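> Input structure: model-v2.tsv, which contains TSV, C-alpha atoms.
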```tsv
chain	number	residue	atom	x	y	z
P	24	GLY	CA	0.00	0.00	0.00
P	25	VAL	CA	0.89	3.68	-0.03
P	26	SER	CA	2.82	4.84	3.03
P	27	THR	CA	4.78	7.89	4.14
P	28	ALA	CA	8.07	7.38	5.98
P	29	THR	CA	8.85	9.75	8.85
P	30	PRO	CA	12.50	10.92	8.95
P	31	VAL	CA	14.25	10.15	12.24
P	32	LEU	CA	17.69	11.51	13.16
P	33	VAL	CA	19.84	9.77	15.78
P	34	VAL	CA	23.13	10.74	17.40
P	35	ASN	CA	24.64	7.95	19.50
P	36	GLY	CA	27.26	8.99	21.99
P	37	ARG	CA	30.52	7.21	22.67
P	38	GLU	CA	29.50	6.60	26.28
P	39	SER	CA	26.26	5.10	27.54
P	40	GLY	CA	23.70	7.38	29.12
P	41	PRO	CA	20.12	8.64	28.88
P	42	THR	CA	18.17	8.85	25.63
P	43	LEU	CA	16.51	12.20	24.90
P	44	CYS	CA	13.83	12.44	22.22
P	45	LEU	CA	12.99	15.70	20.43
P	46	THR	CA	9.76	15.85	18.41
P	47	ALA	CA	8.65	18.75	16.22
P	48	ALA	CA	5.85	19.61	13.78
P	49	ILE	CA	3.20	17.33	15.22
P	50	HIS	CA	1.26	20.31	13.91
P	51	GLY	CA	2.52	20.68	10.36
P	52	ASP	CA	2.46	24.49	10.29
P	53	GLU	CA	4.78	24.91	13.29
P	54	LEU	CA	8.24	25.51	11.85
P	55	ASN	CA	10.44	26.79	14.69
P	56	GLY	CA	10.75	23.35	16.27
P	57	ILE	CA	11.92	21.81	12.99
P	58	GLU	CA	14.90	24.15	12.91
P	59	MET	CA	15.61	23.55	16.61
P	60	VAL	CA	15.89	19.81	15.98
P	61	ARG	CA	18.15	20.34	12.97
P	62	ARG	CA	20.51	22.65	14.82
P	63	VAL	CA	20.76	20.48	17.93
P	64	LEU	CA	21.28	17.17	16.11
P	65	HIS	CA	23.89	18.54	13.72
P	66	GLU	CA	25.74	20.42	16.46
P	67	LEU	CA	26.25	17.37	18.67
P	68	GLU	CA	29.54	15.49	18.45
P	69	PRO	CA	29.17	11.74	19.12
P	70	ASP	CA	32.63	11.54	20.72
P	71	LYS	CA	31.55	14.14	23.28
P	72	LEU	CA	28.04	12.82	23.92
P	73	ARG	CA	26.96	10.50	26.71
P	74	GLY	CA	23.81	8.63	25.77
P	75	ALA	CA	21.75	9.30	22.66
P	76	VAL	CA	19.58	12.01	21.16
P	77	ILE	CA	16.74	11.09	18.82
P	78	GLY	CA	15.24	13.85	16.72
P	79	ILE	CA	12.02	13.68	14.70
P	80	PRO	CA	11.99	17.06	12.95
P	81	ILE	CA	8.67	16.60	11.11
P	82	VAL	CA	6.22	14.25	12.81
P	83	ASN	CA	3.20	15.35	10.74
P	84	LEU	CA	4.81	15.19	7.31
P	85	GLN	CA	1.46	15.31	5.51
P	86	GLY	CA	0.43	18.48	7.31
P	87	PHE	CA	3.87	20.03	6.80
P	88	ARG	CA	3.70	19.54	3.04
P	89	ARG	CA	0.33	21.31	2.97
P	90	GLY	CA	1.30	24.05	5.43
P	91	SER	CA	-1.49	22.80	7.69
P	92	ARG	CA	-1.76	22.15	11.39
P	93	TYR	CA	-3.81	19.04	10.74
P	94	LEU	CA	-3.65	15.71	8.97
P	95	PRO	CA	-5.42	15.61	5.58
P	96	ASP	CA	-8.63	14.39	7.26
P	97	ARG	CA	-8.61	17.46	9.57
P	98	ARG	CA	-7.70	15.42	12.63
P	99	ASP	CA	-5.31	16.91	15.18
P	100	LEU	CA	-2.57	14.29	15.59
P	101	ASN	CA	-1.78	15.67	19.05
P	102	ARG	CA	-5.09	14.34	20.37
P	103	TYR	CA	-4.52	10.66	19.54
P	104	PHE	CA	-1.59	9.49	21.66
P	105	PRO	CA	-0.63	6.85	22.67
P	106	GLY	CA	-2.58	5.67	19.65
P	107	ASN	CA	-4.37	2.56	18.47
P	108	PRO	CA	-3.04	0.10	15.85
P	109	ALA	CA	-6.59	-0.64	14.69
P	110	GLY	CA	-7.97	2.90	14.87
P	111	SER	CA	-8.18	5.89	12.57
P	112	SER	CA	-5.25	7.09	10.48
P	113	ALA	CA	-4.28	9.56	13.22
P	114	ALA	CA	-4.47	6.88	15.90
P	115	ARG	CA	-2.29	4.52	13.85
P	116	ILE	CA	0.34	7.19	13.19
P	117	ALA	CA	0.38	8.04	16.90
P	118	TYR	CA	0.68	4.37	17.85
P	119	SER	CA	3.58	3.75	15.47
P	120	LEU	CA	5.51	6.76	16.78
P	121	PHE	CA	4.77	6.04	20.42
P	122	GLU	CA	5.56	2.33	20.36
P	123	GLY	CA	8.48	2.51	17.95
P	124	ILE	CA	10.34	5.52	19.32
P	125	ILE	CA	8.88	7.33	22.32
P	126	LYS	CA	8.87	4.26	24.57
P	127	GLN	CA	12.58	3.80	23.92
P	128	CYS	CA	13.39	7.22	25.38
P	129	ASP	CA	14.17	8.37	28.91
P	130	LEU	CA	13.17	12.02	28.36
P	131	LEU	CA	10.95	13.80	25.84
P	132	VAL	CA	10.81	17.41	24.65
P	133	ASP	CA	7.88	18.09	22.31
P	134	LEU	CA	8.38	21.32	20.34
P	135	HIS	CA	5.50	23.64	19.41
P	136	THR	CA	4.55	27.21	18.55
P	137	GLY	CA	1.38	29.19	19.08
P	138	SER	CA	-1.53	28.34	16.82
P	139	PHE	CA	-3.90	30.24	14.55
P	140	TYR	CA	-2.29	33.68	14.44
P	141	ARG	CA	-1.02	33.54	18.01
P	142	THR	CA	2.51	33.70	19.36
P	143	ASN	CA	4.04	32.35	22.56
P	144	LEU	CA	6.89	33.48	24.77
P	145	PRO	CA	9.53	30.69	24.81
P	146	GLN	CA	8.27	28.57	27.69
P	147	LEU	CA	7.83	25.06	28.99
P	148	ARG	CA	4.52	23.35	29.67
P	149	ALA	CA	4.91	20.63	32.26
P	150	ASP	CA	3.00	18.63	34.86
P	151	LEU	CA	4.86	19.87	37.91
P	152	ARG	CA	3.18	17.40	40.23
P	153	TYR	CA	5.82	14.89	39.17
P	154	ARG	CA	9.24	15.29	40.73
P	155	GLN	CA	11.13	14.04	37.67
P	156	VAL	CA	9.30	16.46	35.40
P	157	ARG	CA	9.90	19.36	37.76
P	158	GLU	CA	13.61	18.55	37.92
P	159	MET	CA	13.70	18.32	34.13
P	160	THR	CA	12.31	21.86	33.76
P	161	GLN	CA	15.10	23.19	35.96
P	162	GLY	CA	17.67	22.20	33.34
P	163	PHE	CA	16.53	24.59	30.61
P	164	GLY	CA	18.52	27.62	31.73
P	165	GLY	CA	15.91	29.92	33.18
P	166	MET	CA	13.09	29.39	30.66
P	167	ALA	CA	9.60	30.23	31.98
P	168	VAL	CA	7.51	27.25	33.08
P	169	LEU	CA	3.72	26.97	33.04
P	170	HIS	CA	2.15	24.14	35.01
P	171	ASN	CA	-0.21	22.21	32.77
P	172	ALA	CA	-1.11	18.53	32.99
P	173	GLY	CA	-1.78	18.35	29.25
P	174	ALA	CA	-5.01	17.48	27.48
P	175	PRO	CA	-5.93	13.82	27.00
P	176	GLY	CA	-4.36	12.51	23.82
P	177	THR	CA	-1.38	14.86	23.73
P	178	LEU	CA	2.04	13.30	23.25
P	179	ARG	CA	3.40	14.92	26.41
P	180	ARG	CA	0.63	13.58	28.61
P	181	ALA	CA	0.76	10.11	27.08
P	182	ALA	CA	4.52	9.99	27.64
P	183	THR	CA	4.19	11.12	31.25
P	184	ASP	CA	1.45	8.55	31.80
P	185	ALA	CA	3.84	5.91	30.44
P	186	GLY	CA	6.55	6.89	32.95
P	187	ILE	CA	8.64	9.08	30.63
P	188	PRO	CA	9.39	12.60	31.95
P	189	ALA	CA	8.17	14.97	29.25
P	190	VAL	CA	7.73	18.69	28.63
P	191	THR	CA	6.41	20.83	25.81
P	192	LEU	CA	8.62	23.68	24.64
P	193	GLU	CA	6.54	26.48	23.09
P	194	ALA	CA	8.21	29.28	21.13
P	195	GLY	CA	6.87	31.81	18.68
P	196	GLU	CA	4.17	31.60	16.04
P	197	PRO	CA	3.23	29.19	13.22
P	198	LEU	CA	4.13	29.40	9.54
P	199	ARG	CA	7.33	31.37	10.22
P	200	LEU	CA	10.93	30.60	11.07
P	201	GLN	CA	11.92	33.02	13.82
P	202	SER	CA	15.67	32.91	14.40
P	203	ASN	CA	15.53	34.50	17.84
P	204	LYS	CA	12.91	32.03	19.08
P	205	VAL	CA	14.80	29.11	17.54
P	206	SER	CA	18.02	30.21	19.25
P	207	GLU	CA	16.28	30.40	22.64
P	208	GLY	CA	14.90	26.91	22.16
P	209	VAL	CA	18.24	25.47	21.05
P	210	ASN	CA	19.99	27.05	24.02
P	211	GLY	CA	17.38	25.57	26.36
P	212	ILE	CA	17.79	22.08	24.90
P	213	LEU	CA	21.60	22.24	25.09
P	214	SER	CA	21.27	23.43	28.68
P	215	LEU	CA	19.08	20.40	29.40
P	216	LEU	CA	21.66	18.07	27.86
P	217	THR	CA	24.30	19.69	30.06
P	218	ALA	CA	22.14	19.36	33.18
P	219	GLN	CA	21.58	15.67	32.38
P	220	GLY	CA	25.32	15.11	32.09
P	221	MET	CA	25.02	14.16	28.41
P	222	ILE	CA	27.33	16.93	27.16
P	223	HIS	CA	29.82	19.33	28.74
P	224	ARG	CA	29.31	22.98	27.95
P	225	MET	CA	30.32	26.23	29.56
P	226	GLN	CA	27.19	27.89	30.92
P	227	LEU	CA	26.57	31.21	32.54
P	228	LEU	CA	24.52	31.14	35.69
P	229	SER	CA	20.95	32.16	34.94
P	230	ALA	CA	18.17	33.37	37.18
P	231	PRO	CA	15.82	30.65	38.45
P	232	GLU	CA	13.08	30.00	35.97
P	233	PRO	CA	9.79	31.80	36.66
P	234	VAL	CA	7.13	29.20	37.40
P	235	PHE	CA	3.46	29.93	36.79
P	236	TYR	CA	0.99	27.59	38.42
P	237	GLU	CA	-1.99	29.53	37.09
P	238	SER	CA	-2.85	31.47	33.96
P	239	THR	CA	-5.84	33.24	32.46
P	240	TRP	CA	-6.97	34.35	29.02
P	241	ILE	CA	-8.01	37.98	28.61
P	242	ARG	CA	-10.76	38.30	26.02
P	243	ALA	CA	-12.03	41.04	23.75
P	244	ASP	CA	-15.52	42.28	24.60
P	245	THR	CA	-16.15	43.79	21.17
P	246	GLY	CA	-15.43	42.93	17.57
P	247	GLY	CA	-13.07	44.82	15.29
P	248	ILE	CA	-9.34	45.02	14.60
P	249	LEU	CA	-7.04	44.05	17.47
P	250	PHE	CA	-3.94	46.14	18.09
P	251	SER	CA	-1.66	44.83	20.85
P	252	LEU	CA	0.14	47.32	23.08
P	253	VAL	CA	2.26	44.88	25.10
P	254	ARG	CA	5.07	42.48	24.29
P	255	LEU	CA	5.68	38.86	25.18
P	256	GLY	CA	7.18	38.48	28.65
P	257	GLN	CA	6.02	41.90	29.81
P	258	LEU	CA	4.94	42.23	33.44
P	259	VAL	CA	1.42	43.63	33.71
P	260	GLU	CA	-0.72	44.79	36.62
P	261	PRO	CA	-4.52	44.77	36.99
P	262	GLY	CA	-5.92	47.67	35.00
P	263	ASP	CA	-3.00	47.93	32.57
P	264	VAL	CA	-4.07	48.37	28.95
P	265	LEU	CA	-3.05	45.32	26.90
P	266	GLY	CA	-4.49	46.37	23.57
P	267	THR	CA	-7.34	47.99	21.70
P	268	VAL	CA	-10.11	46.74	19.45
P	269	THR	CA	-11.04	49.32	16.82
P	270	ASP	CA	-14.22	49.37	14.74
P	271	PRO	CA	-12.99	50.03	11.18
P	272	ILE	CA	-16.25	51.79	10.24
P	273	SER	CA	-17.05	53.98	13.24
P	274	ASN	CA	-13.45	54.27	14.52
P	275	GLU	CA	-14.75	53.44	18.01
P	276	GLN	CA	-11.97	52.04	20.18
P	277	ASN	CA	-12.41	49.67	23.11
P	278	LEU	CA	-9.57	48.93	25.49
P	279	ILE	CA	-8.58	45.49	26.75
P	280	TYR	CA	-7.40	45.55	30.37
P	281	ALA	CA	-5.33	43.13	32.42
P	282	THR	CA	-7.32	41.52	35.22
P	283	ALA	CA	-4.41	40.00	37.14
P	284	ARG	CA	-0.75	40.59	37.90
P	285	GLY	CA	1.54	38.46	35.81
P	286	ARG	CA	3.53	38.00	32.62
P	287	VAL	CA	2.31	37.94	29.04
P	288	LEU	CA	2.97	34.32	28.05
P	289	GLY	CA	1.00	34.31	24.82
P	290	MET	CA	-0.90	36.75	22.66
P	291	ALA	CA	-2.83	37.04	19.45
P	292	LEU	CA	-1.20	38.75	16.51
P	293	ASN	CA	-2.94	41.91	15.29
P	294	GLN	CA	-6.01	40.69	13.40
P	295	VAL	CA	-9.79	40.90	13.05
P	296	VAL	CA	-11.49	39.58	16.20
P	297	MET	CA	-15.01	38.86	17.39
P	298	PRO	CA	-16.48	39.43	20.86
P	299	GLY	CA	-15.11	36.81	23.26
P	300	PHE	CA	-11.89	36.32	21.32
P	301	ALA	CA	-9.01	35.18	23.57
P	302	ALA	CA	-6.37	37.84	22.98
P	303	PHE	CA	-3.76	37.62	25.76
P	304	ARG	CA	-2.61	34.81	28.03
P	305	ILE	CA	-1.31	35.99	31.38
P	306	GLY	CA	0.80	33.76	33.61
P	307	ILE	CA	-0.25	34.63	37.14
P	308	GLU	CA	2.51	35.00	39.69
P	309	THR	CA	1.64	33.14	42.90
P	310	ASP	CA	3.55	32.09	45.99
P	311	GLY	CA	3.25	28.43	45.11
P	312	PRO	CA	1.04	25.72	43.65
P	313	PRO	CA	-2.74	25.73	44.08
P	314	THR	CA	-4.00	24.30	47.33
P	315	ASP	CA	-7.34	22.80	46.26
P	316	SER	CA	-7.95	19.24	47.39
P	317	VAL	CA	-7.37	17.60	44.02
P	318	ILE	CA	-4.02	19.28	43.46
P	319	ALA	CA	-2.88	18.96	47.06
P	320	SER	CA	-3.49	15.22	46.98
P	321	ALA	CA	-0.79	14.88	44.33
P	322	ARG	CA	2.00	15.83	46.78
P	323	TRP	CA	3.36	18.69	44.70
P	324	GLY	CA	6.88	18.16	43.41
P	325	GLN	CA	7.21	14.80	45.16
P	326	THR	CA	4.97	12.41	43.24
P	327	GLU	CA	6.99	9.91	41.24
P	328	ILE	CA	6.07	9.19	37.65
P	329	GLY	CA	4.17	5.93	37.81
P	330	ASP	CA	2.52	6.66	41.16
P	331	ASN	CA	-1.21	6.45	40.48
P	332	PRO	CA	-0.95	7.92	36.97
P	333	PRO	CA	-4.10	9.16	35.24
P	334	PRO	CA	-5.76	6.76	32.78
P	335	GLN	CA	-4.19	6.23	29.38
P	336	SER	CA	-5.62	8.62	26.86
P	337	GLY	CA	-6.21	9.56	23.29
P	338	ALA	CA	-6.64	6.29	21.44
P	339	GLU	CA	-9.56	7.06	19.19
P	340	SER	CA	-11.48	10.26	19.81
P	341	GLN	CA	-10.43	13.85	20.06
P	342	ALA	CA	-10.84	15.55	23.40
P	343	PRO	CA	-13.07	18.63	23.36
P	344	ALA	CA	-11.37	21.96	23.75
P	345	PRO	CA	-11.61	23.41	27.27
P	346	GLU	CA	-14.79	25.41	27.58
P	347	SER	CA	-13.48	27.90	30.08
P	348	GLY	CA	-10.56	29.12	28.01
P	349	GLU	CA	-8.55	29.25	31.23
P	350	THR	CA	-6.05	26.69	30.05
P	351	ASP	CA	-4.61	25.42	26.84
P	352	ALA	CA	-2.68	22.27	26.34
P	353	ASP	CA	0.39	22.03	24.15
P	354	ASP	CA	-0.49	25.12	22.18
P	355	THR	CA	-4.23	24.50	21.85
P	356	ASP	CA	-5.90	27.85	22.25
P	357	PRO	CA	-9.47	28.40	23.45
P	358	GLU	CA	-10.77	28.74	19.90
P	359	GLU	CA	-9.23	25.43	18.88
P	360	PRO	CA	-11.94	23.30	17.21
P	361	SER	CA	-12.63	20.00	18.91
```
Rewrite the structure from the file as structure tokens, please.

Amino acid sequence: GVSTATPVLVVNGRESGPTLCLTAAIHGDELNGIEMVRRVLHELEPDKLRGAVIGIPIVNLQGFRRGSRYLPDRRDLNRYFPGNPAGSSAARIAYSLFEGIIKQCDLLVDLHTGSFYRTNLPQLRADLRYRQVREMTQGFGGMAVLHNAGAPGTLRRAATDAGIPAVTLEAGEPLRLQSNKVSEGVNGILSLLTAQGMIHRMQLLSAPEPVFYESTWIRADTGGILFSLVRLGQLVEPGDVLGTVTDPISNEQNLIYATARGRVLGMALNQVVMPGFAAFRIGIETDGPPTDSVIASARWGQTEIGDNPPPQSGAESQAPAPESGETDADDTDPEEPS
């Protein structure tokens, strides 16, 4: 039958050690991660590497060729892990990748960008309830971290459920190669390799990574043309003006205000918006993790991967997008179709 081979790059070190897997372009229109994988894999020297690094620069090759986030049947591949060998095309692709490669790895970094005319500050998404995942995030050289368990069916969540420490690295926007965002991602990955003892590299001491246990989407109340007035990473206070929505006919302008203190982790590019459009994602600065009973029961930062993991997910049906818009998972924004 007709099949499409997925390119896989491997660098085996001279000494034994951990195996790190890098995946990019699960969404075919997200280009920054592709270049991150290329740079990292071709920069590594086997004689100076302990362990192995596996790179899959273009997971969704069909979507990449079409410049599309999705598979040809409009399914989101990042909602079908760990997959099903007898399921839909998406489920079978997910199963082949997960069984053939992901399960052979000790660590996973899944690379993404913002989606649908949105851009993200370089950041990690990670389930910080797990000690190994939390320790993994500390190796990226000061990159911001947003706690997020991950939606059912995402590669990161399926890997964590399977006992493999995993994070998502978000950086920039889709359909563009942004050299500055790529460089930040590459530096973070090389810092992780150094922290894991897989390579030796001179590193400057960096400030501890900012960790955000909560975030919120700020929405437009009116329709029109959005003009952002803030930048990624900017600290905002309640009442600060984040942007304006201008009616192109009447010239009426409506301001969008911050409702919480925090950092701009993600934002929409200037575009036409409708009422309720999620325009800015603010990472809320708190003193620590949430204290509700569900979260507290997980023994924050101490739970071992494999201790009462959530059920396996994502074999055959896509999970609905979160209704609240308060969270997104591995670059799924509130307007993401289910």
> Just the residues within 9 Å of Thr282 (chain P), please, counting all atoms listed in the file, with nothing from its chain fewer than 6 positions along; format it as a list in words.
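Here the answer would be Thr239, Ile241, Glu260, Pro261, Gly262 and Asp263 of chain P.
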> Taking (12.0, 29.1, 21.7) as a centre in this file's frame and 10 Å as the limit, can you find every polymer residue with an atom that close, using all atoms listed in the file, and give them as a ChimeraX atom specification?
/P:55-56,59,134-136,143-147,166,192-196,201-212
> Have a look at CA of Asn107 (chain P) and CA of Glu53 (chain P) and let me know their distance in Å, one decimal.
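Calculated distance between CA of Asn107 (chain P) and CA of Glu53 (chain P) is 24.7 Å.
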> Go ahead and compute the interatomic distance for CA of His223 (chain P) and CA of Gly74 (chain P), in Å to one decimal.
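CA of His223 (chain P) sits 12.6 Å away from CA of Gly74 (chain P).
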> Can you tell me how far CA of Val295 (chain P) sits from CA of Arg98 (chain P), in Å to one decimal?
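Taking CA of Val295 (chain P) as the start and CA of Arg98 (chain P) as the end point, the length is 25.6 Å.
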> I'd like the box whose edges run along x, y and z of the file and which contains every listed atom of region 66-69 of chain P, padded by 8 Å per side; could you state its centre and edge lengths in Å, one decimal, as JSON?

```
{"center_x": 27.6, "center_y": 16.1, "center_z": 17.8, "size_x": 19.8, "size_y": 24.7, "size_z": 18.7}
```
> Kindly indicate which residue among P:Pro312, P:Gly173, P:Val190, P:Pro80 lies nearest to Leu131 (chain P), using all atoms listed in the file for the distances.
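Between P:Pro312, P:Gly173, P:Val190, P:Pro80, the residue approaching Leu131 (chain P) most closely is P:Val190.
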> I'd like the contact shell of Thr160 (chain P) - 9 Å cut-off, all atoms listed in the file, skipping same-chain residues fewer than 6 positions apart - returned as a PyMOL selection string.
chain P and resi 147-149+151+166-168+190+215+232
> Would you export the selected residues with C-alpha atoms as a short mmCIF file (atom, residue, chain, number, x, y, z; two decimals), keeping the file's coordinate frame, please?

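What ended up in result_4.cif:
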```
data_model
loop_
_atom_site.label_atom_id
_atom_site.label_comp_id
_atom_site.auth_asym_id
_atom_site.auth_seq_id
_atom_site.Cartn_x
_atom_site.Cartn_y
_atom_site.Cartn_z
CA LEU P 147 7.83 25.06 28.99
CA ARG P 148 4.52 23.35 29.67
CA ALA P 149 4.91 20.63 32.26
CA LEU P 151 4.86 19.87 37.91
CA MET P 166 13.09 29.39 30.66
CA ALA P 167 9.60 30.23 31.98
CA VAL P 168 7.51 27.25 33.08
CA VAL P 190 7.73 18.69 28.63
CA LEU P 215 19.08 20.40 29.40
CA GLU P 232 13.08 30.00 35.97
#
```
> For Ile116 (chain P), which residue out of P:Val31, P:Ser238, P:Ile49, P:Ala218 is the nearest one, using only C-alpha atoms?
P:Ile49
> Can you work out which one of P:Val33, P:Met290, P:Val63, P:Val234 has the shortest atom-to-atom distance to Ser214 (chain P), counting only C-alpha atoms?
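Smallest separation from Ser214 (chain P) among the options: P:Val63.
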> Can you work out which one of P:Val296, P:Arg224, P:Leu120, P:Gln219 has the shortest atom-to-atom distance to Ala181 (chain P), counting all atoms listed in the file?
P:Leu120
> Rank P:Val76, P:Met225, P:Leu169, P:Val156 by their smallest atom-to-atom distance to Asp184 (chain P), using only C-alpha atoms, and report the top residue only.
P:Val156
> Select, from P:Leu45, P:Glu308, P:Gly246, P:Phe87, the residue with the minimum atom-to-atom distance to Leu258 (chain P), counting only C-alpha atoms.
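Ranked by minimum distance to Leu258 (chain P), first place goes to P:Glu308.
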> Output: region 55-81 of chain P of the preceding structure, restricted to N, CA and C atoms, written as a PDB file, in the first residue's frame.

```
ATOM      1  N   ASN P  55       9.280  26.496  13.836  1.00  0.00           N
ATOM      2  CA  ASN P  55      10.440  26.790  14.686  1.00  0.00           C
ATOM      3  C   ASN P  55      11.067  25.529  15.265  1.00  0.00           C
ATOM      4  N   GLY P  56      10.235  24.575  15.681  1.00  0.00           N
ATOM      5  CA  GLY P  56      10.753  23.346  16.271  1.00  0.00           C
ATOM      6  C   GLY P  56      11.556  22.509  15.292  1.00  0.00           C
ATOM      7  N   ILE P  57      11.179  22.563  14.010  1.00  0.00           N
ATOM      8  CA  ILE P  57      11.919  21.814  12.991  1.00  0.00           C
ATOM      9  C   ILE P  57      13.371  22.283  12.949  1.00  0.00           C
ATOM     10  N   GLU P  58      13.554  23.584  12.954  1.00  0.00           N
ATOM     11  CA  GLU P  58      14.905  24.145  12.908  1.00  0.00           C
ATOM     12  C   GLU P  58      15.659  23.887  14.208  1.00  0.00           C
ATOM     13  N   MET P  59      14.950  23.877  15.342  1.00  0.00           N
ATOM     14  CA  MET P  59      15.608  23.547  16.611  1.00  0.00           C
ATOM     15  C   MET P  59      16.190  22.140  16.558  1.00  0.00           C
ATOM     16  N   VAL P  60      15.404  21.190  16.071  1.00  0.00           N
ATOM     17  CA  VAL P  60      15.888  19.811  15.984  1.00  0.00           C
ATOM     18  C   VAL P  60      17.099  19.728  15.054  1.00  0.00           C
ATOM     19  N   ARG P  61      17.026  20.381  13.917  1.00  0.00           N
ATOM     20  CA  ARG P  61      18.150  20.343  12.973  1.00  0.00           C
ATOM     21  C   ARG P  61      19.419  20.883  13.610  1.00  0.00           C
ATOM     22  N   ARG P  62      19.317  22.030  14.243  1.00  0.00           N
ATOM     23  CA  ARG P  62      20.514  22.651  14.821  1.00  0.00           C
ATOM     24  C   ARG P  62      21.112  21.786  15.931  1.00  0.00           C
ATOM     25  N   VAL P  63      20.257  21.278  16.810  1.00  0.00           N
ATOM     26  CA  VAL P  63      20.764  20.480  17.932  1.00  0.00           C
ATOM     27  C   VAL P  63      21.428  19.204  17.425  1.00  0.00           C
ATOM     28  N   LEU P  64      20.742  18.467  16.558  1.00  0.00           N
ATOM     29  CA  LEU P  64      21.277  17.172  16.112  1.00  0.00           C
ATOM     30  C   LEU P  64      22.571  17.324  15.320  1.00  0.00           C
ATOM     31  N   HIS P  65      22.690  18.382  14.532  1.00  0.00           N
ATOM     32  CA  HIS P  65      23.891  18.544  13.721  1.00  0.00           C
ATOM     33  C   HIS P  65      25.008  19.256  14.473  1.00  0.00           C
ATOM     34  N   GLU P  66      24.702  19.794  15.643  1.00  0.00           N
ATOM     35  CA  GLU P  66      25.744  20.417  16.464  1.00  0.00           C
ATOM     36  C   GLU P  66      26.417  19.410  17.383  1.00  0.00           C
ATOM     37  N   LEU P  67      25.703  18.345  17.728  1.00  0.00           N
ATOM     38  CA  LEU P  67      26.248  17.369  18.669  1.00  0.00           C
ATOM     39  C   LEU P  67      27.397  16.580  18.048  1.00  0.00           C
ATOM     40  N   GLU P  68      28.400  16.297  18.869  1.00  0.00           N
ATOM     41  CA  GLU P  68      29.541  15.487  18.451  1.00  0.00           C
ATOM     42  C   GLU P  68      29.469  14.154  19.189  1.00  0.00           C
ATOM     43  N   PRO P  69      29.317  13.040  18.465  1.00  0.00           N
ATOM     44  CA  PRO P  69      29.175  11.736  19.119  1.00  0.00           C
ATOM     45  C   PRO P  69      30.279  11.432  20.121  1.00  0.00           C
ATOM     46  N   ASP P  70      31.510  11.839  19.824  1.00  0.00           N
ATOM     47  CA  ASP P  70      32.627  11.542  20.722  1.00  0.00           C
ATOM     48  C   ASP P  70      32.521  12.294  22.043  1.00  0.00           C
ATOM     49  N   LYS P  71      31.697  13.340  22.068  1.00  0.00           N
ATOM     50  CA  LYS P  71      31.554  14.140  23.280  1.00  0.00           C
ATOM     51  C   LYS P  71      30.158  14.011  23.890  1.00  0.00           C
ATOM     52  N   LEU P  72      29.414  13.019  23.443  1.00  0.00           N
ATOM     53  CA  LEU P  72      28.038  12.819  23.916  1.00  0.00           C
ATOM     54  C   LEU P  72      27.949  11.559  24.756  1.00  0.00           C
ATOM     55  N   ARG P  73      27.276  11.673  25.884  1.00  0.00           N
ATOM     56  CA  ARG P  73      26.963  10.502  26.712  1.00  0.00           C
ATOM     57  C   ARG P  73      25.489  10.185  26.532  1.00  0.00           C
ATOM     58  N   GLY P  74      25.197   8.991  26.040  1.00  0.00           N
ATOM     59  CA  GLY P  74      23.810   8.630  25.774  1.00  0.00           C
ATOM     60  C   GLY P  74      23.471   8.834  24.310  1.00  0.00           C
ATOM     61  N   ALA P  75      22.205   9.143  24.042  1.00  0.00           N
ATOM     62  CA  ALA P  75      21.753   9.301  22.661  1.00  0.00           C
ATOM     63  C   ALA P  75      20.689  10.383  22.587  1.00  0.00           C
ATOM     64  N   VAL P  76      20.634  11.040  21.435  1.00  0.00           N
ATOM     65  CA  VAL P  76      19.579  12.012  21.163  1.00  0.00           C
ATOM     66  C   VAL P  76      18.875  11.594  19.879  1.00  0.00           C
ATOM     67  N   ILE P  77      17.570  11.427  19.974  1.00  0.00           N
ATOM     68  CA  ILE P  77      16.736  11.085  18.819  1.00  0.00           C
ATOM     69  C   ILE P  77      15.939  12.323  18.434  1.00  0.00           C
ATOM     70  N   GLY P  78      15.976  12.689  17.181  1.00  0.00           N
ATOM     71  CA  GLY P  78      15.236  13.852  16.716  1.00  0.00           C
ATOM     72  C   GLY P  78      14.278  13.483  15.598  1.00  0.00           C
ATOM     73  N   ILE P  79      13.018  13.859  15.761  1.00  0.00           N
ATOM     74  CA  ILE P  79      12.019  13.683  14.698  1.00  0.00           C
ATOM     75  C   ILE P  79      11.595  15.085  14.284  1.00  0.00           C
ATOM     76  N   PRO P  80      12.233  15.651  13.262  1.00  0.00           N
ATOM     77  CA  PRO P  80      11.992  17.057  12.947  1.00  0.00           C
ATOM     78  C   PRO P  80      10.608  17.349  12.401  1.00  0.00           C
ATOM     79  N   ILE P  81       9.993  16.374  11.700  1.00  0.00           N
ATOM     80  CA  ILE P  81       8.669  16.604  11.108  1.00  0.00           C
ATOM     81  C   ILE P  81       7.812  15.372  11.375  1.00  0.00           C
TER      82      ILE P  81
END
```
